[in-house]
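Structure first, commentary second.
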Amino acid sequence: MIYQIARTIEDGILAFHGFGSPLVQLALHLAKRTHAPRMVLVAGATYGVNPNPPFLTPTSNDWVMDRGAECHLDIEELFDLAASGRMGRMFLSGLQIDRFGNLNVTRLGRDRLQLKLPGGGGGCNLSCDAVHVTIWTAAHRTTPDAKGRRRFRLVADCDFITSVGHRTTDGKTRKEMGYRGEGPDRIITELGVFDFDDFGQARLTALYPDVEIDTVRENTGFDFPVSESLSVTPMPSAEMVEFIRALDPLKIHEREFKPEERLRSFPLV
């Protein structure tokens, strides 16, 4: 999954990973050391530019993650870069991800508050301005409750839209709303990879070797188109896996996965 996230990163862009995921942090450093050496990597908590940390820490808000940075940005400079169209890629997730790439990290429940969430920080602004957005979640697979009901992570519509995708619930497009960025172009999960079709709808493009389309369907809260060129996700090389293990000796990224997901294994290239 780290490798699939890394593959969305273009060389030569400025990319910002926010406070969040060790999966995304590892993906950025993997891309920087493989296919995207000219990428400008901005660290989430310190706003350090091109840091070279010795290892991944339990929180991104740790100055170890700033080790070796070439310089630092102020938060105002970061948002100015995005607003001027110079943030090439941002990484976002949510407790709800809908079919158009809208994200919810604000609240569950529409008419009545069921659960208060921590909120999106600057995610709303950046989702409007960043050229591209990679969405990720390691919680695509759902477990039915005693009555057979599932609480989907990928839902038809978000209870609240914190960060914007391609269309609003009433059908307005990003272009109609005047946003600078082009919006999300990938959803990476532990079951597969989606892109977005011309209508702005999430479309399944790749599966992991141990996953069937029916598994994705039963764990997704909306019907989705399937690409005519549906493929199996490419695997990282042994050298890439060793790099990830060396940068994350504490196995911080495994905390994002359910225990049963950690038992899966795949052949290396």
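Simple scheme: letters A, B, ... for chains in structure tokens order, numbers from 1 for residues in each chain, numbers from 1 for ligands in the order shown.
Close contacts of Thr233 in chain A, defined as residues with an atom at most 7 Å away when counting only C-alpha atoms, with chain neighbours fewer than 4 positions off set aside, comprise Ala206, Leu207 and Tyr208 of chain A.
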Any chance you could export the current selection's C-alpha atoms as an mmCIF file, in the first residue's frame?
data_model
loop_
_atom_site.group_PDB
_atom_site.id
_atom_site.type_symbol
_atom_site.label_atom_id
_atom_site.label_comp_id
_atom_site.auth_asym_id
_atom_site.auth_seq_id
_atom_site.Cartn_x
_atom_site.Cartn_y
_atom_site.Cartn_z
ATOM 1 C CA ALA A 206 -6.508 -2.244 -9.680
ATOM 2 C CA LEU A 207 -6.807 -5.020 -7.100
ATOM 3 C CA TYR A 208 -4.258 -6.555 -4.779
#
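Scanning range 102-250 of chain A with DSSP on the backbone, the alpha helix (DSSP H) assignments fall on Gly123, Cys124, Asn125, Leu126, Ser127, Cys128, Asp129, Arg174, Lys175, Glu176, Met177, Ile213, Asp214, Thr215, Val216, Arg217, Glu218, Ala238, Glu239, Met240, Val241, Glu242, Phe243, Ile244, Arg245, Ala246 and Leu247 of chain A.
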Put those residues in a file: C-alpha atoms, as a tab-separated table (two decimals), in the first residue's frame.
chain	number	residue	atom	x	y	z
A	123	GLY	CA	-7.61	20.26	4.59
A	124	CYS	CA	-10.62	22.11	3.19
A	125	ASN	CA	-8.50	24.95	1.78
A	126	LEU	CA	-5.79	22.64	0.48
A	127	SER	CA	-8.30	20.28	-1.14
A	128	CYS	CA	-9.51	23.27	-3.16
A	129	ASP	CA	-6.08	24.55	-4.16
A	174	ARG	CA	-15.29	21.85	-8.94
A	175	LYS	CA	-15.14	24.03	-12.05
A	176	GLU	CA	-18.54	25.54	-11.29
A	177	MET	CA	-17.34	26.34	-7.76
A	213	ILE	CA	-14.01	-7.49	-7.22
A	214	ASP	CA	-16.89	-8.89	-5.14
A	215	THR	CA	-14.87	-8.26	-1.96
A	216	VAL	CA	-14.47	-4.62	-2.93
A	217	ARG	CA	-18.17	-4.32	-3.75
A	218	GLU	CA	-19.37	-5.77	-0.44
A	238	ALA	CA	12.85	-6.17	-2.51
A	239	GLU	CA	15.04	-3.07	-2.27
A	240	MET	CA	11.99	-0.87	-1.72
A	241	VAL	CA	10.72	-3.14	1.04
A	242	GLU	CA	14.11	-3.06	2.73
A	243	PHE	CA	14.12	0.75	2.54
A	244	ILE	CA	10.69	0.90	4.21
A	245	ARG	CA	11.77	-1.50	6.95
A	246	ALA	CA	14.96	0.48	7.58
A	247	LEU	CA	13.12	3.81	7.81
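Non-sequential neighbours of Phe100 in chain A (distance at most 6 Å, separation of 3 or more positions within a chain, only C-alpha atoms) are Gly165, His166, Arg167, Gly200 and Gln201 of chain A.
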Just the strand (DSSP E or B) stuff from range 55-259 of chain A, please, per backbone DSSP, written as a VMD selection string. chain A and resid 71 to 72 89 to 92 96 to 98 103 to 104 107 to 108 115 to 116 132 to 137 154 to 155 163 167 173 184 to 189 192 to 196 202 to 207 221 226 to 232
Output N, CA and C atoms for every residue in that selection, as a compact mmCIF listing (two decimals), in the first residue's frame.
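And here's selection12.txt as it stands now:
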# COMPACT_ATOMS: atom_id res chain seq x y z
N CYS A 71 15.48 23.81 4.64
CA CYS A 71 14.95 25.07 5.14
C CYS A 71 13.57 24.79 5.70
N HIS A 72 12.85 25.84 6.14
CA HIS A 72 11.53 25.67 6.71
C HIS A 72 10.57 26.72 6.16
N ARG A 89 0.83 18.16 -4.98
CA ARG A 89 0.05 17.03 -4.46
C ARG A 89 -0.08 17.14 -2.95
N MET A 90 -1.28 16.81 -2.48
CA MET A 90 -1.62 16.76 -1.07
C MET A 90 -2.22 15.39 -0.79
N PHE A 91 -2.13 14.93 0.44
CA PHE A 91 -2.63 13.61 0.82
C PHE A 91 -3.67 13.77 1.92
N LEU A 92 -4.87 13.22 1.69
CA LEU A 92 -5.98 13.40 2.63
C LEU A 92 -6.72 12.08 2.83
N GLN A 96 -15.20 9.22 6.53
CA GLN A 96 -16.06 8.93 5.39
C GLN A 96 -15.42 9.48 4.12
N ILE A 97 -15.41 8.66 3.09
CA ILE A 97 -14.91 9.04 1.76
C ILE A 97 -16.03 8.71 0.78
N ASP A 98 -16.54 9.70 0.07
CA ASP A 98 -17.69 9.39 -0.78
C ASP A 98 -17.27 9.14 -2.23
N LEU A 103 -14.55 14.28 1.56
CA LEU A 103 -14.07 13.64 2.78
C LEU A 103 -14.75 14.26 4.00
N ASN A 104 -14.98 13.43 5.01
CA ASN A 104 -15.58 13.89 6.26
C ASN A 104 -14.68 13.52 7.43
N ARG A 107 -17.90 15.33 11.52
CA ARG A 107 -18.96 14.78 12.36
C ARG A 107 -19.63 13.62 11.66
N LEU A 108 -20.16 12.68 12.44
CA LEU A 108 -21.07 11.66 11.94
C LEU A 108 -22.47 12.00 12.42
N LEU A 115 -21.32 11.51 16.44
CA LEU A 115 -19.93 11.46 16.86
C LEU A 115 -19.22 12.71 16.38
N LYS A 116 -18.57 13.41 17.30
CA LYS A 116 -17.78 14.60 16.93
C LYS A 116 -16.37 14.15 16.59
N HIS A 132 -3.27 18.22 -7.30
CA HIS A 132 -3.80 16.86 -7.21
C HIS A 132 -3.88 16.45 -5.75
N VAL A 133 -4.80 15.54 -5.46
CA VAL A 133 -4.96 14.99 -4.11
C VAL A 133 -4.96 13.47 -4.21
N THR A 134 -4.15 12.84 -3.37
CA THR A 134 -4.22 11.40 -3.19
C THR A 134 -5.01 11.13 -1.92
N ILE A 135 -6.07 10.33 -2.03
CA ILE A 135 -6.86 9.91 -0.88
C ILE A 135 -6.40 8.51 -0.50
N TRP A 136 -6.29 8.26 0.79
CA TRP A 136 -5.92 6.91 1.23
C TRP A 136 -6.76 6.53 2.44
N THR A 137 -6.95 5.24 2.63
CA THR A 137 -7.50 4.70 3.87
C THR A 137 -7.05 3.25 3.99
N LEU A 154 -16.01 3.90 2.75
CA LEU A 154 -16.34 4.46 1.44
C LEU A 154 -17.85 4.48 1.30
N VAL A 155 -18.42 5.69 1.35
CA VAL A 155 -19.87 5.85 1.43
C VAL A 155 -20.39 6.56 0.19
N SER A 163 -13.52 18.20 3.33
CA SER A 163 -12.62 18.49 2.21
C SER A 163 -13.32 18.08 0.93
N ARG A 167 -17.58 16.64 -6.95
CA ARG A 167 -18.96 17.14 -7.05
C ARG A 167 -19.56 17.28 -5.66
N THR A 173 -19.98 20.96 -9.85
CA THR A 173 -18.63 20.49 -10.10
C THR A 173 -17.60 21.46 -9.51
N PRO A 184 -9.03 15.18 -6.29
CA PRO A 184 -8.41 13.86 -6.11
C PRO A 184 -8.33 13.09 -7.42
N ASP A 185 -7.24 12.37 -7.58
CA ASP A 185 -7.13 11.52 -8.77
C ASP A 185 -6.91 10.05 -8.43
N ARG A 186 -6.73 9.73 -7.14
CA ARG A 186 -6.57 8.35 -6.70
C ARG A 186 -7.18 8.17 -5.31
N ILE A 187 -7.76 7.00 -5.10
CA ILE A 187 -8.05 6.51 -3.75
C ILE A 187 -7.28 5.21 -3.59
N ILE A 188 -6.40 5.17 -2.61
CA ILE A 188 -5.59 3.98 -2.34
C ILE A 188 -6.12 3.35 -1.05
N THR A 189 -6.51 2.08 -1.11
CA THR A 189 -6.97 1.39 0.08
C THR A 189 -6.23 0.06 0.22
N GLY A 192 -7.67 -2.11 -2.86
CA GLY A 192 -7.42 -1.80 -4.26
C GLY A 192 -7.15 -0.33 -4.50
N VAL A 193 -7.17 0.03 -5.77
CA VAL A 193 -6.86 1.40 -6.20
C VAL A 193 -8.00 1.89 -7.10
N PHE A 194 -8.45 3.11 -6.84
CA PHE A 194 -9.47 3.77 -7.66
C PHE A 194 -8.86 5.01 -8.31
N ASP A 195 -9.34 5.32 -9.51
CA ASP A 195 -9.15 6.65 -10.06
C ASP A 195 -10.54 7.29 -10.15
N PHE A 196 -10.70 8.36 -10.93
CA PHE A 196 -12.00 9.02 -11.08
C PHE A 196 -12.29 9.18 -12.56
N ALA A 202 -15.64 7.71 -8.47
CA ALA A 202 -14.55 6.77 -8.21
C ALA A 202 -14.73 5.52 -9.06
N ARG A 203 -13.62 5.07 -9.68
CA ARG A 203 -13.64 3.91 -10.58
C ARG A 203 -12.52 2.96 -10.18
N LEU A 204 -12.84 1.69 -10.02
CA LEU A 204 -11.84 0.70 -9.62
C LEU A 204 -10.90 0.41 -10.78
N THR A 205 -9.59 0.54 -10.53
CA THR A 205 -8.60 0.32 -11.59
C THR A 205 -7.65 -0.83 -11.29
N ALA A 206 -7.47 -1.19 -10.01
CA ALA A 206 -6.51 -2.24 -9.68
C ALA A 206 -6.89 -2.92 -8.38
N LEU A 207 -6.57 -4.21 -8.29
CA LEU A 207 -6.81 -5.02 -7.10
C LEU A 207 -5.50 -5.60 -6.60
N GLY A 221 -19.81 1.36 0.06
CA GLY A 221 -21.18 1.81 0.24
C GLY A 221 -21.81 2.43 -0.99
N VAL A 226 -15.99 -0.10 -13.11
CA VAL A 226 -14.72 -0.83 -13.12
C VAL A 226 -14.01 -0.52 -14.43
N SER A 227 -12.75 -0.18 -14.34
CA SER A 227 -11.98 0.15 -15.53
C SER A 227 -11.90 -1.04 -16.48
N GLU A 228 -11.96 -0.75 -17.78
CA GLU A 228 -11.79 -1.82 -18.77
C GLU A 228 -10.40 -2.43 -18.69
N SER A 229 -9.45 -1.68 -18.16
CA SER A 229 -8.07 -2.19 -18.03
C SER A 229 -7.75 -2.55 -16.58
N LEU A 230 -8.75 -3.07 -15.85
CA LEU A 230 -8.54 -3.48 -14.47
C LEU A 230 -7.34 -4.41 -14.39
N SER A 231 -6.46 -4.15 -13.42
CA SER A 231 -5.22 -4.91 -13.32
C SER A 231 -4.95 -5.31 -11.87
N VAL A 232 -3.91 -6.05 -11.69
CA VAL A 232 -3.40 -6.39 -10.36
C VAL A 232 -2.33 -5.37 -10.01
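The nearest approach to His253 in chain A among the residues A:Ala138, A:Ala156, A:Met65, A:Val40, with only C-alpha atoms taken into account, belongs to A:Ala138.
Using only C-alpha atoms, the residues found no farther than 7 Å from Met39 in chain A, other than those of its own chain fewer than 3 positions away, are Asp11, Gly12, Ile13, Leu14, Lys32 and Ala36 of chain A.
Counting from CA of Val42 in chain A, the distance to CA of Gly20 in chain A is 12.9 Å.
Candidate residues A:Met235, A:Ala69, A:Leu41, A:Val164 were compared for distance to Tyr3 in chain A, and the nearest is A:Met235, using only C-alpha atoms.
Nearest residue to Arg99 in chain A, choosing from A:His17, A:Arg180, A:Arg153, A:Arg7 and counting only C-alpha atoms: A:Arg153.
As for CA of Gly122 in chain A and CA of His35 in chain A, they are spaced 28.4 Å apart.
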Find, counting only C-alpha atoms, the residue in A:Lys258, A:Lys251, A:Arg264, A:Arg112 that gets nearest to Ala139 in chain A.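 The answer is A:Lys258, which sits nearest to Ala139 in chain A.
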Point out the residue among A:Ser237, A:Asn61, A:Gln25, A:Asn102 with the least atom-to-atom distance to Thr168 in chain A, counting only C-alpha atoms.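 Of all the options, A:Asn102 lies closest to Thr168 in chain A.
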Would you pick out the contacts of Leu263 in chain A at 12 Å or less, using only C-alpha atoms, so that residues sharing its chain but fewer than 4 positions from it are not included, and give the list as a list of chain:residue names?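 My reading of the contact set: A:Asp210, A:Glu254, A:Phe257, A:Lys258, A:Pro259.
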Could you save those same residues with C-alpha atoms as a CSV table (one decimal), in the first residue's frame?
chain,number,residue,atom,x,y,z
A,210,ASP,CA,-5.5,-11.7,-2.9
A,254,GLU,CA,1.4,-1.1,11.0
A,257,PHE,CA,-3.9,-1.6,9.8
A,258,LYS,CA,-6.3,-4.1,11.5
A,259,PRO,CA,-4.5,-7.2,12.9
Straight-line distance linking CA of Ser60 in chain A with CA of Leu191 in chain A, stated in Å to one decimal: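 Distance between the two atoms: 25.5 Å.
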